[in-house]
Amino acid sequence: MTEVFLTETMSETERQVLTVWLARREAESGQAPVTVATTDPELAALTLRDDDPTLTPVRVVWMPDTAGSHRGQRFRDVLSARDPLHLGVKAQRRVLQHDPARCRVVAGDGAPLSELRDRLAERGGGSLPEFVRRQAALALERAERSLLGTQYKVSRFVVEEITDTHRFTAGVKQLAAQSNRTIVDVDDQARSALDEMVAAQSRRAIALWDQLGRYFSRAYRLDVDTTRFEELRELNREHSLVFLPSHRSYLDPLVLRPALLANDLPLNHVMGGLNVSFWPVGPISKRSGTVFIRRSFGSDDVYKWTLREYMRFLLNKRFNLEWYIEGGRSRTGKLRPPRYGLLTYLTQAFTESDASDVYLVPVSIVYDQLYEVSAMAAEAHGAAKKKESFRWMIGYVRAQGQRRGVAHVTVGRPLSLRDALAQEDDQRLAIQKTGIEVCHRINEVTPITASSLTLLAFLGIEDRALTVDELGFILGPLVEYITARKLPTAGDVDLTNPQVIRKALFTHVDAGILERFDDGDERVYHLGKDQGLVAAFFRNNTIHFLVVRAIAEMVLMKAVDEQFTDPLADGWAEALRIRDLLKFEFFFSDKNTFREELRSELSLVDPAWEQDLHEPEHAQRILGQVRPYLAHRVLQPFLDAYEVVADHLLDVPVSTEFDEKRFVTACLGLAQQRRLRQQIASSESVSSELFATALQLARNRELIGSDDPGVPERRRAFADEIRTLVRRVREIRAIAHAKLDTLNEPEPGR
């Protein structure tokens, strides 16, 4: 069978290299090679031949100079990044002379002309020369990856591959009929949407984006838990992976990207909002894998269908995807509820694709420090969010010049989308449960850091300053608790060591979150002015591990307040009531698992807690054994904020109309007043974010947006419920403070 080599546009140096390679092939086979350039008119004549030649694409490849790579420190150096695989003419001659091993010739998989004709016919017909040209380029891309690795896996001819099919044509016709529009009109809109969203990857942009990423995130040392990467590589051989990280910072994609590449995983197609597509970051990131989609689709059925078709294409080609399941950056530091839009489109694309399965990959990303937290704290106090722009980006990038500790990346247990969807007949319910399960898996691998633990000690104690010894007294039992529960940790969390405490303290002092006072007889540390929300952000990274313990303490306090008739039943009912109250703040396990978690927490306090339950002083004894006390550090900020909302609801007229923005603004003023009067323990509770989730609960309980005559009574009951919980959590705080004060009591005889 005749073999024809398909070539591309080449430089004179590349032509010489290919000539030598072809001569070697001729010597091996005894047949003179035939070449046709894919840009030549001869290609059209080739496709008309009836002797069925095998078409084999070939390309000269220049390997990247790994030895010469360096980390640029100046912005102009970063922007000068060149395409590492397409050298200039002079550079080609220089490399061929001094480092010829970097010059290779690759041949893609050949295919008979008849097979290519059949493939085109199956897709719906079209230009055979153009189809051959595309198939040759795609075959060469696959061949190059065997040399270059997965970093340079790029999607090519995406719009053409999607639109030149029977499926696309049929879909356009159906949409046109449904919307009473012309086929041409719908076709133009769908192609325009594809042009807007498709990541037009180029290797130069990939190299530039990698340089930019390293420069933008230079404030951090990267700490990657590699435990699950072998499993991911194995899954990725057969299936697309969809990475769903927690979202703390604009830097998240730039932190995750090198973590994946260093562990031999290909670039992701990152689904991003059009709000960050401004020049110059937008054009560069679009050409290196970012898929810019609109923030809202409304009733645009053509756009929705086009997005599904694009995602289906990516799944069929086994490309990996990435987006942030929370929908936006966390303003509080804890995981936000999942957004189901993209997960719904993925599900629909998967069910219509040829993929046997898709794996969702939960990823936790946490930072020791973050520049943007102060801005988010200001927004929570009522300040307007600054719009992203080029000028904003310059300021953001400059701020990364200061060292801010470590960025921790941890991968959770992958979740089979096929298996998750099979759990429910109702697809909508299945998608919701899948999103929540992904969030659970993110939380379970989010590591506890020395940074977050240190700040935990300064929250829930009003404005009290602490010595290093007092910090050890507070955090020592907490470290023992973390060890007993075998919770995931990052770095050295042996905070019983004063040196380790000082190291964590200095990080926060340098960032301005903590301040120190040296003029007394002993140095003390305290929260900086208006830093409550900032400190809470880092504490909240791992607060989910502590919530059930805090609820257990609240149950014990109620048992002390009220003698339970049936301690087990009454205690369980109270735990469920608090769980329901906080269901919009935290991800709780199902009720059976939650019951076992609660029992485990009580057993950690007192292994014999179930004995003598009916003794009047039993609950008091168990509460006195608690080490450490967590309810006031974990729950009080939320309960104080909820109390503000509950009290203000008593003054709002009952109506089907409810102005949430005006209500939250009023709550900010009321909360600030209470903070000034020391009626609220921390500025953390002066937060529009917390007021918003409290209002979610109010809607759930039909306290707003209804003119039902029973609303006033339900509002009063809600306010009484919150006030009781606030009183109890303050009593727990008083117990904790009393124990802390014993550290400073003089020894007997002195």
# chains A, B, ... in the order shown; residues from 1 in each chain; ligands from 1

$ select_by_dssp --residues "stretch 504-710 of chain A" --states "helix (DSSP H, G or I)" --output "number ranges by chain"
A: 504-511, 532-540, 543-545, 547-561, 567-581, 591-605, 618-624, 631-634, 636-649, 660-676, 683-685, 688-700

$ residues_around --residues "stretch 471-477 of chain A" --least-positions-apart "5" --cutoff "12 Å" --atoms "only C-alpha atoms" --output "ChimeraX atom specification"
/A:450,452-461,464-466,482-484,493-502,504-505,524-526,604-605,625-630,633,736-737,739-744

$ residues_around --residues "A:Arg723" --least-positions-apart "6" --cutoff "9 Å" --atoms "only C-alpha atoms" --output "JSON, numbers by chain"
{"A": [639, 640, 643, 646]}

$ residues_around --residues "stretch 29-46 of chain A" --least-positions-apart "5" --cutoff "7 Å" --atoms "only C-alpha atoms" --output "PyMOL selection string"
chain A and resi 4-8+22+129+133

$ closest_residue --among "A:Asp264, A:Ser655, A:Met10, A:Pro53" --to "A:Gln92" --atoms "only C-alpha atoms"
A:Met10

$ select_by_dssp --residues "stretch 189-342 of chain A" --states "strand (DSSP E or B)" --output "list in words"
Arg221, Leu222, Asp223, Val224, Asp225, Ser240, Leu241, Val242, Phe243, Leu244, Pro245, Asn268, His269, Val270, Met271, Gly272, Gly273, Thr290, Val291, Phe292, Ile293, Asn320, Leu321 and Glu322 of chain A

$ write_last_selection --atoms "C-alpha atoms" --output "PDB file, in the first residue's frame"
ATOM      1  CA  ARG A 221       5.196  27.836  49.226  1.00  0.00           C
ATOM      2  CA  LEU A 222       3.081  25.025  47.768  1.00  0.00           C
ATOM      3  CA  ASP A 223       2.297  22.010  49.972  1.00  0.00           C
ATOM      4  CA  VAL A 224       0.580  19.217  48.012  1.00  0.00           C
ATOM      5  CA  ASP A 225      -0.721  16.011  49.578  1.00  0.00           C
ATOM      6  CA  SER A 240     -12.549  12.521  32.347  1.00  0.00           C
ATOM      7  CA  LEU A 241     -11.866  13.997  35.761  1.00  0.00           C
ATOM      8  CA  VAL A 242     -13.839  17.000  36.981  1.00  0.00           C
ATOM      9  CA  PHE A 243     -11.918  18.863  39.695  1.00  0.00           C
ATOM     10  CA  LEU A 244     -14.178  20.692  42.153  1.00  0.00           C
ATOM     11  CA  PRO A 245     -12.000  22.687  44.574  1.00  0.00           C
ATOM     12  CA  ASN A 268      -7.875  21.265  33.037  1.00  0.00           C
ATOM     13  CA  HIS A 269     -10.480  23.219  31.138  1.00  0.00           C
ATOM     14  CA  VAL A 270     -11.322  25.739  33.864  1.00  0.00           C
ATOM     15  CA  MET A 271     -14.885  27.079  33.791  1.00  0.00           C
ATOM     16  CA  GLY A 272     -14.619  30.775  34.707  1.00  0.00           C
ATOM     17  CA  GLY A 273     -16.897  33.799  34.769  1.00  0.00           C
ATOM     18  CA  THR A 290     -10.055  28.794  30.687  1.00  0.00           C
ATOM     19  CA  VAL A 291     -13.643  28.501  29.464  1.00  0.00           C
ATOM     20  CA  PHE A 292     -15.354  31.858  30.002  1.00  0.00           C
ATOM     21  CA  ILE A 293     -19.087  31.505  30.514  1.00  0.00           C
ATOM     22  CA  ASN A 320     -10.510  17.188  32.312  1.00  0.00           C
ATOM     23  CA  LEU A 321     -12.642  20.024  33.685  1.00  0.00           C
ATOM     24  CA  GLU A 322     -12.454  22.292  36.714  1.00  0.00           C
TER      25      GLU A 322
END

$ atom_distance --atom1 "atom CA of A:Gln679" --atom2 "atom CA of A:Val726"
10.9 Å

$ residues_around --residues "stretch 533-547 of chain A" --least-positions-apart "4" --cutoff "8 Å" --atoms "only C-alpha atoms" --output "CSV table (one decimal) with all heavy atoms, in the first residue's frame"
chain,number,residue,atom,x,y,z
A,331,ARG,N,-16.7,34.0,51.6
A,331,ARG,CA,-16.4,35.3,52.4
A,331,ARG,C,-16.2,35.0,53.9
A,331,ARG,O,-15.8,35.9,54.6
A,331,ARG,CB,-17.6,36.2,52.2
A,331,ARG,CG,-17.6,37.2,51.1
A,331,ARG,CD,-17.2,36.7,49.8
A,331,ARG,NE,-17.2,37.8,48.8
A,331,ARG,CZ,-17.0,37.6,47.6
A,331,ARG,NH1,-16.7,36.4,47.1
A,331,ARG,NH2,-17.0,38.7,46.7
A,332,THR,N,-16.5,33.8,54.3
A,332,THR,CA,-16.3,33.5,55.8
A,332,THR,C,-15.2,32.5,56.1
A,332,THR,O,-14.9,32.4,57.2
A,332,THR,CB,-17.7,32.9,56.3
A,332,THR,OG1,-17.9,31.7,55.6
A,332,THR,CG2,-18.8,33.9,56.1
A,333,GLY,N,-14.7,31.8,55.1
A,333,GLY,CA,-13.6,30.8,55.3
A,333,GLY,C,-14.1,29.4,55.3
A,333,GLY,O,-13.4,28.5,55.2
A,334,LYS,N,-15.4,29.3,55.6
A,334,LYS,CA,-16.0,27.9,55.6
A,334,LYS,C,-16.6,27.7,54.2
A,334,LYS,O,-16.9,28.6,53.5
A,334,LYS,CB,-17.0,27.7,56.7
A,334,LYS,CG,-18.2,28.6,56.7
A,334,LYS,CD,-19.1,28.3,57.9
A,334,LYS,CE,-20.3,29.3,57.9
A,334,LYS,NZ,-21.2,29.1,56.8
A,335,LEU,N,-16.9,26.4,53.9
A,335,LEU,CA,-17.4,26.0,52.6
A,335,LEU,C,-18.8,26.6,52.4
A,335,LEU,O,-19.7,26.4,53.4
A,335,LEU,CB,-17.4,24.5,52.5
A,335,LEU,CG,-17.3,23.9,51.1
A,335,LEU,CD1,-16.0,24.3,50.4
A,335,LEU,CD2,-17.3,22.4,51.2
A,366,VAL,N,-6.4,25.6,51.0
A,366,VAL,CA,-6.4,26.6,52.1
A,366,VAL,C,-5.0,27.3,52.2
A,366,VAL,O,-4.0,26.7,51.8
A,366,VAL,CB,-6.7,25.9,53.5
A,366,VAL,CG1,-8.1,25.3,53.5
A,366,VAL,CG2,-5.7,24.8,53.8
A,368,ASP,N,-2.3,29.8,54.6
A,368,ASP,CA,-1.9,30.4,55.9
A,368,ASP,C,-2.4,31.8,56.0
A,368,ASP,O,-2.8,32.2,57.1
A,368,ASP,CB,-0.4,30.3,56.1
A,368,ASP,CG,0.1,28.9,56.4
A,368,ASP,OD1,-0.8,28.0,56.6
A,368,ASP,OD2,1.3,28.7,56.4
A,369,GLN,N,-2.2,32.6,55.0
A,369,GLN,CA,-2.6,34.0,55.0
A,369,GLN,C,-3.2,34.3,53.6
A,369,GLN,O,-2.8,33.7,52.6
A,369,GLN,CB,-1.5,35.0,55.3
A,369,GLN,CG,-0.9,34.8,56.6
A,369,GLN,CD,-1.8,35.3,57.7
A,369,GLN,OE1,-2.7,36.1,57.5
A,369,GLN,NE2,-1.6,34.8,58.9
A,373,VAL,N,-8.5,38.8,52.1
A,373,VAL,CA,-9.5,38.5,53.2
A,373,VAL,C,-9.9,39.8,53.8
A,373,VAL,O,-11.1,40.0,54.2
A,373,VAL,CB,-8.9,37.6,54.3
A,373,VAL,CG1,-9.8,37.5,55.5
A,373,VAL,CG2,-8.7,36.2,53.7
A,374,SER,N,-9.0,40.8,54.0
A,374,SER,CA,-9.4,42.1,54.5
A,374,SER,C,-10.5,42.8,53.7
A,374,SER,O,-11.4,43.4,54.3
A,374,SER,CB,-8.2,43.0,54.6
A,374,SER,OG,-7.2,42.5,55.5
A,377,ALA,N,-13.7,41.0,54.4
A,377,ALA,CA,-14.3,41.3,55.7
A,377,ALA,C,-15.0,42.7,55.6
A,377,ALA,O,-16.0,42.9,56.2
A,377,ALA,CB,-13.1,41.3,56.7
A,443,ASN,N,-14.6,18.8,52.8
A,443,ASN,CA,-14.4,19.1,54.2
A,443,ASN,C,-13.5,18.1,54.9
A,443,ASN,O,-12.7,18.4,55.8
A,443,ASN,CB,-15.7,19.3,54.9
A,443,ASN,CG,-16.3,20.7,54.9
A,443,ASN,OD1,-15.5,21.6,54.6
A,443,ASN,ND2,-17.6,20.8,55.0
A,446,THR,N,-9.8,18.7,54.4
A,446,THR,CA,-9.3,20.1,54.6
A,446,THR,C,-8.4,20.0,55.8
A,446,THR,O,-8.9,19.7,56.9
A,446,THR,CB,-10.4,21.1,54.8
A,446,THR,OG1,-11.2,21.1,53.6
A,446,THR,CG2,-9.8,22.5,55.1
A,447,PRO,N,-7.1,20.3,55.7
A,447,PRO,CA,-6.2,20.1,56.8
A,447,PRO,C,-6.3,21.2,57.9
A,447,PRO,O,-6.5,22.4,57.5
A,447,PRO,CB,-4.8,20.1,56.2
A,447,PRO,CG,-5.0,21.0,55.0
A,447,PRO,CD,-6.4,20.7,54.5
A,448,ILE,N,-6.1,20.9,59.1
A,448,ILE,CA,-6.0,21.8,60.2
A,448,ILE,C,-4.6,22.4,60.2
A,448,ILE,O,-3.6,21.6,60.2
A,448,ILE,CB,-6.4,21.2,61.5
A,448,ILE,CG1,-7.8,20.7,61.5
A,448,ILE,CG2,-6.1,22.2,62.7
A,448,ILE,CD1,-8.2,19.9,62.7
A,451,SER,N,-1.7,27.9,61.7
A,451,SER,CA,-2.3,29.2,61.5
A,451,SER,C,-3.7,29.3,62.0
A,451,SER,O,-4.1,30.2,62.7
A,451,SER,CB,-2.2,29.6,60.0
A,451,SER,OG,-2.8,30.8,59.8
A,452,SER,N,-4.6,28.4,61.6
A,452,SER,CA,-6.0,28.5,61.9
A,452,SER,C,-6.2,28.2,63.4
A,452,SER,O,-7.0,28.8,64.1
A,452,SER,CB,-6.8,27.5,61.1
A,452,SER,OG,-6.4,26.1,61.3
A,453,LEU,N,-5.4,27.2,64.0
A,453,LEU,CA,-5.5,26.9,65.4
A,453,LEU,C,-5.1,28.1,66.3
A,453,LEU,O,-5.8,28.3,67.3
A,453,LEU,CB,-4.7,25.7,65.7
A,453,LEU,CG,-5.3,24.3,65.4
A,453,LEU,CD1,-4.3,23.2,65.9
A,453,LEU,CD2,-6.6,24.1,66.1
A,455,LEU,N,-5.3,31.2,65.7
A,455,LEU,CA,-6.4,32.3,65.7
A,455,LEU,C,-7.6,31.8,66.4
A,455,LEU,O,-8.4,32.6,67.0
A,455,LEU,CB,-6.7,32.7,64.3
A,455,LEU,CG,-5.6,33.5,63.5
A,455,LEU,CD1,-6.0,33.7,62.1
A,455,LEU,CD2,-5.4,34.8,64.3
A,456,LEU,N,-7.9,30.5,66.5
A,456,LEU,CA,-9.0,30.0,67.2
A,456,LEU,C,-8.9,30.4,68.7
A,456,LEU,O,-10.0,30.7,69.3
A,456,LEU,CB,-9.0,28.4,67.1
A,456,LEU,CG,-10.1,27.7,67.9
A,456,LEU,CD1,-11.5,28.1,67.3
A,456,LEU,CD2,-9.9,26.2,67.8
A,459,LEU,N,-10.5,33.9,69.4
A,459,LEU,CA,-11.9,34.1,69.1
A,459,LEU,C,-12.7,33.5,70.2
A,459,LEU,O,-12.4,32.4,70.7
A,459,LEU,CB,-12.2,33.5,67.7
A,459,LEU,CG,-11.5,34.1,66.5
A,459,LEU,CD1,-11.6,33.3,65.3
A,459,LEU,CD2,-12.0,35.5,66.3
A,487,LEU,N,-7.7,13.8,63.0
A,487,LEU,CA,-8.1,14.7,62.0
A,487,LEU,C,-6.9,15.1,61.1
A,487,LEU,O,-5.8,15.0,61.6
A,487,LEU,CB,-8.7,16.0,62.7
A,487,LEU,CG,-9.9,15.8,63.5
A,487,LEU,CD1,-10.3,17.1,64.2
A,487,LEU,CD2,-11.1,15.2,62.7
A,513,ILE,N,-3.0,40.8,61.6
A,513,ILE,CA,-4.2,40.2,62.2
A,513,ILE,C,-4.1,40.3,63.8
A,513,ILE,O,-5.0,40.6,64.5
A,513,ILE,CB,-4.4,38.8,61.7
A,513,ILE,CG1,-4.5,38.8,60.2
A,513,ILE,CG2,-5.6,38.2,62.4
A,513,ILE,CD1,-4.6,37.4,59.6
A,551,ILE,N,-21.9,21.4,69.6
A,551,ILE,CA,-23.3,21.1,69.8
A,551,ILE,C,-23.5,20.1,71.1
A,551,ILE,O,-24.4,20.3,71.9
A,551,ILE,CB,-24.0,20.4,68.6
A,551,ILE,CG1,-24.1,21.4,67.5
A,551,ILE,CG2,-25.3,19.8,68.9
A,551,ILE,CD1,-24.6,20.9,66.2
A,586,PHE,N,-23.7,24.9,58.0
A,586,PHE,CA,-22.7,23.8,58.0
A,586,PHE,C,-23.3,22.6,57.3
A,586,PHE,O,-24.5,22.5,57.2
A,586,PHE,CB,-22.4,23.4,59.5
A,586,PHE,CG,-21.8,24.5,60.3
A,586,PHE,CD1,-22.6,25.1,61.3
A,586,PHE,CD2,-20.5,25.0,60.1
A,586,PHE,CE1,-22.1,26.2,62.0
A,586,PHE,CE2,-20.0,26.0,60.9
A,586,PHE,CZ,-20.8,26.6,61.9
A,587,PHE,N,-22.4,21.8,56.8
A,587,PHE,CA,-22.8,20.5,56.1
A,587,PHE,C,-22.8,19.4,57.2
A,587,PHE,O,-21.8,19.0,57.7
A,587,PHE,CB,-21.8,20.1,55.0
A,587,PHE,CG,-21.8,21.1,53.9
A,587,PHE,CD1,-20.9,22.1,53.8
A,587,PHE,CD2,-22.7,20.9,52.9
A,587,PHE,CE1,-20.9,23.0,52.7
A,587,PHE,CE2,-22.8,21.8,51.8
A,587,PHE,CZ,-21.8,22.8,51.7
A,630,LEU,N,-15.4,24.4,73.3
A,630,LEU,CA,-15.4,24.9,71.9
A,630,LEU,C,-16.7,25.7,71.5
A,630,LEU,O,-16.7,26.4,70.6
A,630,LEU,CB,-15.3,23.7,70.9
A,630,LEU,CG,-13.9,23.0,71.0
A,630,LEU,CD1,-13.9,21.8,70.0
A,630,LEU,CD2,-12.8,24.0,70.6
A,631,ALA,N,-17.8,25.5,72.3
A,631,ALA,CA,-19.1,26.1,71.9
A,631,ALA,C,-19.0,27.6,71.7
A,631,ALA,O,-19.5,28.1,70.7
A,631,ALA,CB,-20.2,25.7,72.9
A,634,VAL,N,-16.9,28.4,68.5
A,634,VAL,CA,-17.4,27.9,67.3
A,634,VAL,C,-18.8,28.5,67.0
A,634,VAL,O,-19.0,29.0,65.9
A,634,VAL,CB,-17.4,26.4,67.3
A,634,VAL,CG1,-18.1,25.8,66.0
A,634,VAL,CG2,-16.0,25.8,67.4
A,635,LEU,N,-19.7,28.4,68.0
A,635,LEU,CA,-21.1,28.7,67.7
A,635,LEU,C,-21.5,30.2,68.0
A,635,LEU,O,-22.4,30.7,67.4
A,635,LEU,CB,-22.0,27.8,68.4
A,635,LEU,CG,-21.8,26.3,68.1
A,635,LEU,CD1,-22.8,25.5,68.9
A,635,LEU,CD2,-22.0,26.0,66.6
A,683,SER,N,-16.7,41.3,66.7
A,683,SER,CA,-17.1,42.0,65.5
A,683,SER,C,-17.4,41.0,64.4
A,683,SER,O,-17.9,41.3,63.3
A,683,SER,CB,-16.0,43.0,65.0
A,683,SER,OG,-14.8,42.3,64.8
A,684,GLU,N,-17.0,39.7,64.6
A,684,GLU,CA,-17.3,38.7,63.6
A,684,GLU,C,-18.8,38.5,63.4
A,684,GLU,O,-19.2,38.1,62.3
A,684,GLU,CB,-16.7,37.3,64.2
A,684,GLU,CG,-16.9,36.1,63.3
A,684,GLU,CD,-16.5,34.8,63.9
A,684,GLU,OE1,-15.9,34.9,65.0
A,684,GLU,OE2,-16.8,33.8,63.3
